[in-house]
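Content type CSV, C-alpha atoms and all ligand atoms, from the file data_21.csv:
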chain,number,residue,atom,x,y,z
G,371,MET,CA,103.1,149.7,131.2
G,372,PRO,CA,99.9,149.5,133.2
G,373,VAL,CA,98.8,146.0,134.0
G,374,SER,CA,95.7,145.2,135.9
G,375,ALA,CA,94.2,142.0,137.4
G,376,GLU,CA,90.8,143.1,136.0
G,377,SER,CA,92.0,143.1,132.4
G,378,ILE,CA,93.6,139.7,132.9
G,379,SER,CA,90.5,138.3,134.6
G,380,LEU,CA,88.3,139.4,131.6
G,381,HIS,CA,90.0,136.7,129.4
G,382,LEU,CA,90.1,134.2,132.2
G,383,ALA,CA,86.3,134.6,132.6
G,384,ARG,CA,85.8,134.3,128.9
G,385,ARG,CA,87.9,131.1,128.9
G,386,GLN,CA,85.4,129.6,131.3
G,387,GLU,CA,82.3,130.4,129.3
G,388,GLY,CA,80.9,128.3,126.5
G,389,TYR,CA,78.3,125.6,125.9
G,390,GLY,CA,79.6,122.1,126.3
G,391,ARG,CA,81.4,122.5,129.6
G,392,GLY,CA,81.5,119.7,132.1
G,393,GLY,CA,80.4,119.9,135.7
G,394,ARG,CA,83.7,121.0,137.1
G,395,MET,CA,83.5,124.4,135.4
G,396,ALA,CA,80.4,125.2,137.3
G,397,PHE,CA,82.3,125.8,140.5
G,398,GLU,CA,85.8,126.5,139.2
G,399,LYS,CA,86.3,130.3,139.3
G,400,ASP,CA,89.6,131.6,138.2
G,401,MET,CA,90.9,134.6,140.1
G,402,VAL,CA,94.3,136.0,139.4
G,403,THR,CA,96.5,137.7,142.1
G,404,ILE,CA,99.5,139.6,140.9
G,405,THR,CA,102.3,139.0,143.4
G,406,SER,CA,105.3,140.8,141.9
G,407,GLY,CA,106.5,142.9,139.0
G,408,LEU,CA,104.2,145.9,139.5
G,409,ARG,CA,104.3,149.1,141.5
G,410,HIS,CA,101.1,151.1,141.7
G,411,GLY,CA,99.7,149.2,138.7
G,412,LEU,CA,102.8,149.8,136.5
G,413,THR,CA,105.4,147.4,135.4
G,414,MET,CA,108.9,148.1,136.7
G,415,GLY,CA,111.1,145.6,134.9
G,416,SER,CA,111.0,142.7,137.4
G,417,PRO,CA,109.3,139.5,136.3
G,418,ILE,CA,105.5,139.7,136.8
G,419,SER,CA,104.3,136.8,139.0
G,420,MET,CA,100.7,135.8,139.2
G,421,SER,CA,98.9,133.1,141.2
G,422,LEU,CA,95.7,131.5,140.2
G,423,ALA,CA,93.8,129.8,143.0
G,424,ASN,CA,92.1,126.7,141.8
G,425,ARG,CA,89.0,126.4,143.9
G,426,ALA,CA,87.9,123.2,142.1
G,427,PHE,CA,90.9,121.4,143.5
G,428,GLN,CA,90.2,122.7,147.0
G,429,LYS,CA,86.6,121.5,146.9
G,430,ASP,CA,87.1,118.5,144.6
G,431,ALA,CA,88.1,116.0,147.2
G,432,ASP,CA,89.0,116.1,150.8
G,433,ASN,CA,92.1,114.1,150.2
G,434,TRP,CA,93.5,116.2,147.4
G,435,PRO,CA,96.2,117.8,149.5
G,436,VAL,CA,97.4,114.2,150.2
G,437,VAL,CA,97.2,113.1,146.5
G,438,MET,CA,99.2,116.1,145.4
G,439,SER,CA,101.3,116.7,148.5
G,440,ALA,CA,104.7,118.2,147.7
G,441,GLU,CA,106.2,116.2,150.7
G,442,PRO,CA,106.2,112.4,150.9
G,443,VAL,CA,103.1,111.1,152.6
G,444,ASP,CA,102.6,108.1,155.0
G,445,GLU,CA,99.2,106.9,153.9
G,446,ALA,CA,98.7,104.9,150.7
G,447,VAL,CA,97.5,107.0,147.7
G,448,GLU,CA,95.5,105.3,145.0
G,449,ARG,CA,97.5,104.9,141.8
G,450,ILE,CA,95.9,105.5,138.5
G,451,THR,CA,96.7,102.6,136.1
G,452,ILE,CA,94.2,103.1,133.3
G,453,PRO,CA,95.5,105.5,130.7
G,454,ARG,CA,93.0,107.5,128.6
G,455,PRO,CA,93.4,107.2,124.8
G,456,GLY,CA,93.9,110.6,123.2
G,457,HIS,CA,95.7,112.0,126.3
G,458,ALA,CA,99.4,112.0,127.1
G,459,ASP,CA,98.6,109.3,129.8
G,460,LEU,CA,100.2,106.2,128.4
G,461,ILE,CA,103.0,107.8,126.5
G,462,GLY,CA,103.8,110.0,129.5
G,463,VAL,CA,104.1,106.9,131.7
G,464,GLN,CA,106.3,105.2,129.2
G,465,LYS,CA,108.5,108.2,128.5
G,466,TYR,CA,109.2,109.2,132.1
G,467,ARG,CA,109.0,105.7,133.6
G,468,PHE,CA,106.2,106.4,136.0
G,469,ASP,CA,104.1,103.6,137.5
G,470,ASP,CA,101.2,106.0,138.1
G,471,VAL,CA,99.3,108.1,135.5
G,472,ARG,CA,98.6,110.9,138.0
G,473,PRO,CA,101.7,113.0,137.4
G,474,VAL,CA,101.1,112.9,133.6
G,475,ILE,CA,97.4,113.9,134.0
G,476,GLU,CA,98.4,116.9,136.2
G,477,ARG,CA,101.2,118.1,134.0
G,478,SER,CA,99.7,117.6,130.6
G,479,SER,CA,96.2,119.0,131.5
G,480,ALA,CA,94.7,121.9,129.6
G,481,ARG,CA,94.2,123.4,133.0
G,482,GLU,CA,97.6,125.0,132.2
G,483,THR,CA,95.9,127.1,129.5
G,484,ALA,CA,94.3,129.2,132.3
G,485,MET,CA,97.7,130.5,133.2
G,486,ARG,CA,98.7,130.9,129.6
G,487,VAL,CA,95.6,133.0,129.0
G,488,ALA,CA,96.5,135.1,132.1
G,489,CYS,CA,100.1,135.7,131.0
G,490,CYS,CA,99.3,136.3,127.4
G,491,ALA,CA,96.6,138.8,128.4
G,492,ILE,CA,99.4,141.2,129.2
G,493,ALA,CA,100.8,141.0,125.7
G,494,ARG,CA,97.3,141.5,124.4
G,495,ASP,CA,97.0,144.7,126.5
G,496,PHE,CA,100.3,145.9,125.1
G,497,LEU,CA,99.1,145.3,121.5
G,498,ASN,CA,95.9,147.3,122.3
G,499,TYR,CA,98.0,150.4,122.8
G,500,PHE,CA,98.9,150.3,119.2
G,501,GLY,CA,95.4,149.5,117.9
G,502,ILE,CA,96.2,145.8,117.4
G,503,GLU,CA,93.2,143.7,118.4
G,504,ILE,CA,92.5,140.0,118.5
G,505,GLY,CA,89.2,138.3,118.2
G,506,GLY,CA,88.1,134.7,117.5
G,507,HIS,CA,85.0,132.8,116.6
G,508,VAL,CA,83.9,129.2,116.0
G,509,ILE,CA,83.4,128.3,112.3
G,510,GLN,CA,82.9,124.5,112.5
G,511,LEU,CA,81.8,122.3,115.4
G,512,GLY,CA,81.7,118.6,114.6
G,513,ASN,CA,79.9,118.4,111.2
G,514,ILE,CA,78.1,121.8,111.7
G,515,GLY,CA,79.7,124.8,110.2
G,516,TYR,CA,80.1,127.4,107.4
G,517,THR,CA,80.2,126.1,103.8
G,518,GLY,CA,83.6,127.5,103.2
G,519,TRP,CA,85.9,130.6,103.1
G,520,ASP,CA,83.4,132.8,101.3
G,521,SER,CA,80.5,132.2,103.7
G,522,ILE,CA,82.8,132.9,106.7
G,523,ARG,CA,83.9,136.2,105.1
G,524,GLU,CA,80.3,137.2,104.4
G,525,THR,CA,79.4,136.9,108.0
G,526,SER,CA,82.5,138.4,109.5
G,527,SER,CA,83.8,141.0,107.1
G,528,ALA,CA,82.0,143.9,108.7
G,529,LEU,CA,83.2,142.9,112.1
G,530,LEU,CA,86.7,142.5,110.8
G,531,GLU,CA,86.5,146.2,109.7
G,532,ALA,CA,85.4,147.1,113.2
G,533,GLY,CA,88.3,145.4,114.8
G,534,GLY,CA,89.2,142.2,116.7
G,535,GLU,CA,87.6,143.4,119.9
G,536,LYS,CA,84.3,144.1,118.3
G,537,LEU,CA,84.4,140.6,116.7
G,538,PHE,CA,85.1,138.7,119.9
G,539,ARG,CA,82.4,140.7,121.8
G,540,GLU,CA,79.9,139.8,119.1
G,541,ALA,CA,81.0,136.1,119.1
G,542,ASP,CA,80.8,136.0,122.9
G,543,LYS,CA,77.1,136.6,122.6
G,544,SER,CA,76.7,133.1,121.2
G,545,GLU,CA,76.8,130.1,123.6
G,546,VAL,CA,79.3,128.5,121.2
G,547,ARG,CA,81.1,131.7,120.1
G,548,CYS,CA,79.7,131.4,116.6
G,549,LEU,CA,78.7,134.6,114.8
G,550,ASP,CA,75.8,132.9,112.9
G,551,PRO,CA,72.7,132.5,115.1
G,552,GLN,CA,71.3,129.6,113.0
G,553,LEU,CA,74.6,127.7,113.2
G,554,THR,CA,74.8,128.5,116.9
G,555,GLU,CA,71.5,126.7,117.4
G,556,GLN,CA,72.6,123.7,115.4
G,557,MET,CA,75.9,123.5,117.2
G,558,VAL,CA,74.2,123.6,120.6
G,559,ASP,CA,71.8,120.8,119.5
G,560,HIS,CA,74.8,118.8,118.1
G,561,ILE,CA,76.6,119.1,121.5
G,562,LYS,CA,73.4,118.0,123.3
G,563,LYS,CA,73.1,115.0,121.0
G,564,LYS,CA,76.7,113.9,121.5
G,565,ARG,CA,76.4,114.5,125.3
G,566,LYS,CA,73.5,112.1,125.3
G,567,GLN,CA,75.5,109.5,123.4
G,568,GLY,CA,78.3,110.0,126.0
G,569,SER,CA,80.7,111.2,123.2
G,570,SER,CA,82.5,114.4,122.6
G,571,LEU,CA,83.3,117.0,119.9
G,572,GLY,CA,86.0,119.2,118.5
G,573,GLY,CA,86.0,121.6,115.6
G,574,ILE,CA,87.6,124.6,113.9
G,575,TYR,CA,87.9,128.2,115.1
G,576,GLU,CA,89.2,131.3,113.3
G,577,ILE,CA,91.3,134.0,115.0
G,578,VAL,CA,91.6,137.4,113.4
G,579,ILE,CA,94.2,140.0,114.3
G,580,THR,CA,93.4,143.5,113.2
G,581,GLY,CA,95.5,146.7,113.1
G,582,VAL,CA,98.7,144.7,112.4
G,583,PRO,CA,101.1,147.0,110.5
G,584,ALA,CA,102.8,145.7,107.3
G,585,GLY,CA,106.3,144.4,107.9
G,586,LEU,CA,106.2,142.2,111.0
G,587,GLY,CA,108.1,139.0,110.7
G,588,SER,CA,110.6,138.2,108.0
G,589,TYR,CA,111.4,135.8,105.1
G,590,VAL,CA,115.1,136.0,105.6
G,591,HIS,CA,115.3,133.2,108.2
G,592,TRP,CA,113.1,130.1,108.8
G,593,ASP,CA,112.6,131.0,112.4
G,594,ARG,CA,111.4,134.6,111.8
G,595,LYS,CA,108.5,133.8,109.6
G,596,LEU,CA,105.4,135.2,111.2
G,597,ASP,CA,103.0,132.4,110.0
G,598,GLY,CA,105.4,129.7,111.3
G,599,LEU,CA,105.5,131.4,114.7
G,600,LEU,CA,101.8,131.8,114.9
G,601,ALA,CA,101.2,128.2,113.9
G,602,GLN,CA,103.6,127.0,116.6
G,603,ALA,CA,101.7,129.0,119.2
G,604,ILE,CA,98.4,127.3,118.2
G,605,LEU,CA,99.9,123.8,117.9
G,606,SER,CA,101.5,124.2,121.3
G,607,THR,CA,98.0,124.2,122.9
G,608,GLN,CA,96.4,120.9,124.0
G,609,ALA,CA,94.2,119.1,121.5
G,610,MET,CA,95.1,121.4,118.5
G,611,LYS,CA,95.8,119.2,115.4
G,612,GLY,CA,96.1,121.7,112.6
G,613,VAL,CA,96.5,125.3,111.5
G,614,GLN,CA,95.5,127.1,108.4
G,615,VAL,CA,96.6,130.6,107.4
G,616,GLY,CA,94.1,132.5,105.2
G,617,LEU,CA,92.5,130.1,102.7
G,618,GLY,CA,94.7,127.4,104.0
G,619,PHE,CA,93.8,123.9,102.8
G,620,GLU,CA,91.2,125.3,100.5
G,621,ALA,CA,94.0,126.9,98.5
G,622,GLY,CA,95.3,123.5,97.5
G,623,LYS,CA,92.0,122.8,95.6
G,624,LEU,CA,91.9,126.1,93.7
G,625,SER,CA,93.8,127.7,90.8
G,626,GLY,CA,96.2,130.6,91.2
G,627,HIS,CA,93.7,133.0,89.9
G,628,GLU,CA,91.3,132.0,92.6
G,629,VAL,CA,93.8,132.2,95.4
G,630,HIS,CA,96.2,135.2,95.0
G,631,ASP,CA,95.2,138.6,96.2
G,632,GLU,CA,95.6,141.4,93.6
G,633,ILE,CA,97.6,144.4,94.8
G,634,SER,CA,96.3,148.0,94.5
G,635,TRP,CA,97.5,151.5,95.5
G,636,ASP,CA,95.0,153.7,97.2
G,637,GLY,CA,96.9,156.9,96.9
G,638,SER,CA,98.8,156.5,100.1
G,639,THR,CA,99.3,152.9,100.7
G,640,TYR,CA,99.3,149.4,99.0
G,641,ARG,CA,96.3,147.3,99.6
G,642,ARG,CA,95.1,143.8,98.7
G,643,LYS,CA,91.8,143.6,96.9
G,644,THR,CA,91.0,140.4,98.8
G,645,ASN,CA,92.7,138.8,101.8
G,646,ARG,CA,92.9,135.1,101.0
G,647,ALA,CA,96.5,135.1,102.1
G,648,GLY,CA,95.2,135.9,105.6
G,649,GLY,CA,97.4,139.0,106.0
G,650,ILE,CA,100.8,137.3,105.6
G,651,GLU,CA,103.0,136.9,102.5
G,652,GLY,CA,106.5,135.6,102.6
G,653,GLY,CA,106.3,135.2,106.4
G,654,VAL,CA,105.7,139.0,106.7
G,655,SER,CA,102.5,140.8,107.7
G,656,THR,CA,101.0,142.7,104.7
G,657,GLY,CA,98.9,145.2,106.7
G,658,MET,CA,95.7,143.3,106.0
G,659,PRO,CA,94.0,141.5,109.0
G,660,ILE,CA,95.8,138.3,109.9
G,661,ILE,CA,93.4,135.4,109.6
G,662,ILE,CA,94.4,132.0,111.1
G,663,GLN,CA,92.3,128.9,111.8
G,664,GLY,CA,93.0,126.2,114.3
G,665,ILE,CA,91.6,122.6,114.4
G,666,MET,CA,90.8,121.0,117.8
G,667,LYS,CA,90.2,117.3,118.1
G,668,PRO,CA,87.3,116.0,120.1
G,669,ILE,CA,87.7,115.8,123.9
G,670,PRO,CA,89.3,112.4,124.8
G,671,THR,CA,87.4,111.9,128.1
G,672,MET,CA,84.0,110.4,127.2
G,673,LEU,CA,81.1,109.0,129.3
G,674,THR,CA,80.7,106.0,126.9
G,675,PRO,CA,83.9,104.1,127.4
G,676,ILE,CA,86.4,103.0,124.8
G,677,LYS,CA,89.0,100.3,125.2
G,678,THR,CA,92.4,100.8,126.9
G,679,VAL,CA,94.9,98.6,128.8
G,680,ASP,CA,95.6,98.6,132.6
G,681,ILE,CA,99.3,99.3,132.9
G,682,ASP,CA,99.5,96.9,135.9
G,683,THR,CA,97.7,93.8,134.5
G,684,LYS,CA,98.1,94.6,130.8
G,685,GLU,CA,94.5,93.5,130.4
G,686,GLU,CA,92.0,95.2,128.2
G,687,VAL,CA,89.6,97.4,130.2
G,688,ASP,CA,87.1,100.2,129.7
G,689,THR,CA,88.2,103.8,130.1
G,690,ARG,CA,87.4,105.5,133.4
G,691,TYR,CA,85.2,108.6,133.3
G,692,GLU,CA,86.0,111.8,135.2
G,693,ARG,CA,84.0,115.0,134.9
G,694,SER,CA,84.9,116.5,131.6
G,695,ASP,CA,83.9,118.9,128.9
G,696,VAL,CA,81.9,117.4,126.0
G,697,CYS,CA,83.2,120.2,123.8
G,698,ALA,CA,85.8,122.7,124.8
G,699,LEU,CA,86.0,124.4,121.4
G,700,PRO,CA,84.3,127.7,122.4
G,701,ARG,CA,86.7,128.0,125.3
G,702,ALA,CA,89.7,127.1,123.2
G,703,VAL,CA,88.9,130.2,121.0
G,704,VAL,CA,90.0,132.4,124.0
G,705,VAL,CA,93.1,130.3,124.5
G,706,ALA,CA,94.1,130.6,120.9
G,707,GLU,CA,93.4,134.4,120.8
G,708,ASN,CA,95.7,134.8,123.8
G,709,VAL,CA,98.6,132.5,122.8
G,710,LEU,CA,98.9,134.5,119.5
G,711,ALA,CA,99.3,137.8,121.4
G,712,PRO,CA,103.0,137.4,122.5
G,713,VAL,CA,104.0,136.3,119.0
G,714,ILE,CA,102.6,139.5,117.5
G,715,ALA,CA,104.0,141.6,120.4
G,716,ASN,CA,107.5,140.1,120.0
G,717,ALA,CA,107.4,140.8,116.2
G,718,PHE,CA,106.2,144.3,116.9
G,719,LEU,CA,108.9,145.0,119.5
G,720,GLU,CA,111.5,143.6,117.1
G,721,LYS,CA,110.6,146.3,114.6
G,722,TYR,CA,109.5,149.2,116.8
G,723,GLY,CA,110.9,148.3,120.2
G,724,GLY,CA,112.0,150.8,122.9
G,725,ASP,CA,112.3,151.1,126.6
G,726,SER,CA,108.9,152.5,127.4
G,727,ILE,CA,105.4,152.6,125.9
G,728,ALA,CA,106.1,156.3,125.1
G,729,GLU,CA,109.3,155.6,123.2
G,730,ILE,CA,107.7,152.7,121.3
G,731,SER,CA,104.8,154.9,120.4
G,732,GLU,CA,107.1,157.6,119.1
G,733,ARG,CA,109.0,155.1,116.9
G,734,TYR,CA,105.7,153.6,115.7
G,735,SER,CA,104.1,156.9,114.8
G,736,ARG,CA,107.3,158.2,113.1
G,737,ALA,CA,107.5,155.0,111.0
G,738,ARG,CA,103.9,155.5,109.9
G,739,SER,CA,104.0,159.2,109.1
G,801,LIG,C1,90.4,124.7,126.8
G,801,LIG,C2,90.6,123.2,126.8
G,801,LIG,C3,89.8,122.4,127.6
G,801,LIG,C4,89.9,121.0,127.6
G,801,LIG,N1,89.2,120.3,128.4
G,801,LIG,C5,89.3,118.9,128.4
G,801,LIG,C6,88.5,118.1,129.3
G,801,LIG,O1,87.6,118.6,130.0
G,801,LIG,N2,88.6,116.8,129.3
G,801,LIG,C7,89.5,116.2,128.4
G,801,LIG,O2,89.7,115.0,128.4
G,801,LIG,N3,90.3,116.9,127.6
G,801,LIG,C8,90.2,118.3,127.6
G,801,LIG,N4,91.0,119.0,126.7
G,801,LIG,C9,91.8,118.3,125.7
G,801,LIG,C10,93.1,117.7,126.3
G,801,LIG,O3,93.8,118.6,127.1
G,801,LIG,C11,93.9,117.2,125.2
G,801,LIG,O4,93.2,116.4,124.3
G,801,LIG,C12,95.1,116.4,125.7
G,801,LIG,O5,96.0,117.2,126.4
G,801,LIG,C13,95.9,115.7,124.6
G,801,LIG,O6,96.1,116.6,123.6
G,801,LIG,P1,97.3,116.5,122.5
G,801,LIG,O7,97.3,115.1,122.0
G,801,LIG,O8,97.0,117.5,121.5
G,801,LIG,O9,98.5,116.9,123.4
G,801,LIG,C14,90.9,120.4,126.7
G,801,LIG,C15,91.7,121.2,125.9
G,801,LIG,C16,91.5,122.6,125.9
G,801,LIG,C17,92.4,123.4,125.0
For the structure just supplied, provide its representation as structure tokens.
Ligand SMILES: Cc1cc2nc3c(=O)[nH]c(=O)nc-3n(C[C@H](O)[C@H](O)[C@H](O)COP(=O)(O)O)c2cc1C
Amino acid sequence: MPVSAESISLHLARRQEGYGRGGRMAFEKDMVTITSGLRHGLTMGSPISMSLANRAFQKDADNWPVVMSAEPVDEAVERITIPRPGHADLIGVQKYRFDDVRPVIERSSARETAMRVACCAIARDFLNYFGIEIGGHVIQLGNIGYTGWDSIRETSSALLEAGGEKLFREADKSEVRCLDPQLTEQMVDHIKKKRKQGSSLGGIYEIVITGVPAGLGSYVHWDRKLDGLLAQAILSTQAMKGVQVGLGFEAGKLSGHEVHDEISWDGSTYRRKTNRAGGIEGGVSTGMPIIIQGIMKPIPTMLTPIKTVDIDTKEEVDTRYERSDVCALPRAVVVAENVLAPVIANAFLEKYGGDSIAEISERYSRARS
């Protein structure tokens, strides 16, 4: 399979864009270098290795190589003793018996999502061969958002027809990755307001996956249900607190007639007249676009401090502030798009897998003819 650093860098660059970023992002430019697994741009079966230079760390502080030295160092390195609420800081120190929050900060940081985006971009390219496209957009930022499922569908249904790529390219035109220009303005203003107050924001995004054939996933075992696997991928990402498939939580407030999608036959295939199930029934893709929403909590690092406890003195202190995003939701959309790609790719390979793109294509077209 062809793999290129440019294709991976597209999504890395998208992950870096979005209103609400902190100062650090202004000079942190992610560049991936592929160091193994390819020959002349094609995979050959060995693991693909990539390295991602983090220029921010190089410029951040002169003593960074000492703070994060792999070897023991002679000089004293300042310990971090003030854990940030909402981060893994305190629980990480308790669980692993550290006397310094630094190793927790470094390991639990959402910086890790840069490499996840890079790795998952390969799965995303694989899906593109088979016309499966992923696109995401912001539907709620703080208290600003669409009124509900129907209003989201009104704005996005034409783009859904055009495919996931068209949808993400359109959403990328908005500073906050929202398809509605008026909501975009309000969301940007809301971020400005919360930035002034020294606070932060989260929200909800929607990811659609188009071109997914019917029959991926299964209802026969708990661990093969496609919706369960997609939800796990979202919740495995920093700051994600909930997932909805299709109508999701709204379905709990409605009657059966308002929720279930009627089935029709168009002469050659089954269709659903609506897609409130979000493209999955019984843990199996129905052939309709997969629609899944993720909820991100507000960023824990805030300019206006809240209370915490110094792990040395056990005294109540104010939180420390480090450069941070006010709202990372627009960037999290790209992370979510990418982490879902290997889930779909694995389910696709389980059904149509082969030893080469050509072989998989043959099986796939035979199954569809
Ligand atoms: C793309 C992205 C960027 C983030 N940027 C920041 C940030 O700048 N500052 C911060 O405090 N938290 C940031 N977070 C959130 C924290 O990583 C997250 O709240 C923390 O890891 C604890 O989350 P958890 O309780 O869900 O594990 C970001 C998360 C994501 C997905």
List as a ChimeraX atom specification the protein and nucleic acid residues near region 522-539 of chain G, meaning an atom at most 6 Å away when all atoms listed in the file are counted, but skip any in the same chain fewer than 2 places from it. /G:503-506,519-520,541-542,579-580
Check the smallest atom-to-atom distance from each of G:Asp695, G:Glu441, G:Asp593, G:Glu482 to ligand LIG 801 (chain G) using all atoms listed in the file, then report the winner.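 Checking each candidate against ligand LIG 801 (chain G), we get G:Asp695 as the closest.
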Near-Pro668 (chain G) list (12 Å; only C-alpha atoms; drop same-chain fewer than 4 positions) as a list in words: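 The residues satisfying every condition are Gly390, Pro455, Gly456, His457, Leu511, Gly512, Asn513, Ile561, Lys564, Ser569, Ser570, Leu571, Gly572, Gly573, Ile574, Gln608, Ala609, Met610, Lys611, Met672, Ser694, Asp695, Val696, Cys697, Ala698, Leu699 and Ala702 of chain G.
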Identify, on the basis of only C-alpha atoms, every residue whose closest approach to Ile714 (chain G) does not exceed 10 Å; exclude the query and any residue fewer than 5 positions from it along the same chain; express the result as JSON, numbers by chain. {"G": [493, 494, 497, 502, 579, 582, 586, 587, 596, 599, 600, 655, 709, 719, 720]}
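For the atom pair formed by CA of Thr403 (chain G) and CA of Leu382 (chain G), the distance is 12.3 Å, given to one decimal.
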Who sits within 10 Å of Val508 (chain G), all atoms listed in the file, same chain under 2 positions skipped, as a PDB file with C-alpha atoms, in the frame of the given file:
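out18.pdb was written with the following content:
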ATOM      1  CA  GLY G 506      88.100 134.700 117.500  1.00  0.00           C
ATOM      2  CA  GLN G 510      82.900 124.500 112.500  1.00  0.00           C
ATOM      3  CA  LEU G 511      81.800 122.300 115.400  1.00  0.00           C
ATOM      4  CA  GLY G 515      79.700 124.800 110.200  1.00  0.00           C
ATOM      5  CA  TYR G 516      80.100 127.400 107.400  1.00  0.00           C
ATOM      6  CA  ALA G 541      81.000 136.100 119.100  1.00  0.00           C
ATOM      7  CA  SER G 544      76.700 133.100 121.200  1.00  0.00           C
ATOM      8  CA  VAL G 546      79.300 128.500 121.200  1.00  0.00           C
ATOM      9  CA  ARG G 547      81.100 131.700 120.100  1.00  0.00           C
ATOM     10  CA  CYS G 548      79.700 131.400 116.600  1.00  0.00           C
ATOM     11  CA  LEU G 549      78.700 134.600 114.800  1.00  0.00           C
ATOM     12  CA  ASP G 550      75.800 132.900 112.900  1.00  0.00           C
ATOM     13  CA  LEU G 553      74.600 127.700 113.200  1.00  0.00           C
ATOM     14  CA  THR G 554      74.800 128.500 116.900  1.00  0.00           C
ATOM     15  CA  MET G 557      75.900 123.500 117.200  1.00  0.00           C
ATOM     16  CA  GLY G 573      86.000 121.600 115.600  1.00  0.00           C
ATOM     17  CA  ILE G 574      87.600 124.600 113.900  1.00  0.00           C
ATOM     18  CA  TYR G 575      87.900 128.200 115.100  1.00  0.00           C
ATOM     19  CA  GLU G 576      89.200 131.300 113.300  1.00  0.00           C
ATOM     20  CA  ILE G 577      91.300 134.000 115.000  1.00  0.00           C
ATOM     21  CA  GLN G 663      92.300 128.900 111.800  1.00  0.00           C
ATOM     22  CA  GLY G 664      93.000 126.200 114.300  1.00  0.00           C
ATOM     23  CA  LEU G 699      86.000 124.400 121.400  1.00  0.00           C
ATOM     24  CA  PRO G 700      84.300 127.700 122.400  1.00  0.00           C
ATOM     25  CA  ARG G 701      86.700 128.000 125.300  1.00  0.00           C
ATOM     26  CA  ALA G 702      89.700 127.100 123.200  1.00  0.00           C
ATOM     27  CA  VAL G 703      88.900 130.200 121.000  1.00  0.00           C
TER      28      VAL G 703
END
So how far away is CA of Arg385 (chain G) from CA of Val705 (chain G), in Å?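 CA of Arg385 (chain G) lies 6.9 Å from CA of Val705 (chain G).
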May I have the residues within 9 Å of Phe496 (chain G) as a PyMOL selection string, using only C-alpha atoms and disregarding those fewer than 4 positions away in the same chain? chain G and resi 371-372+491-492+500+502+711+715+727
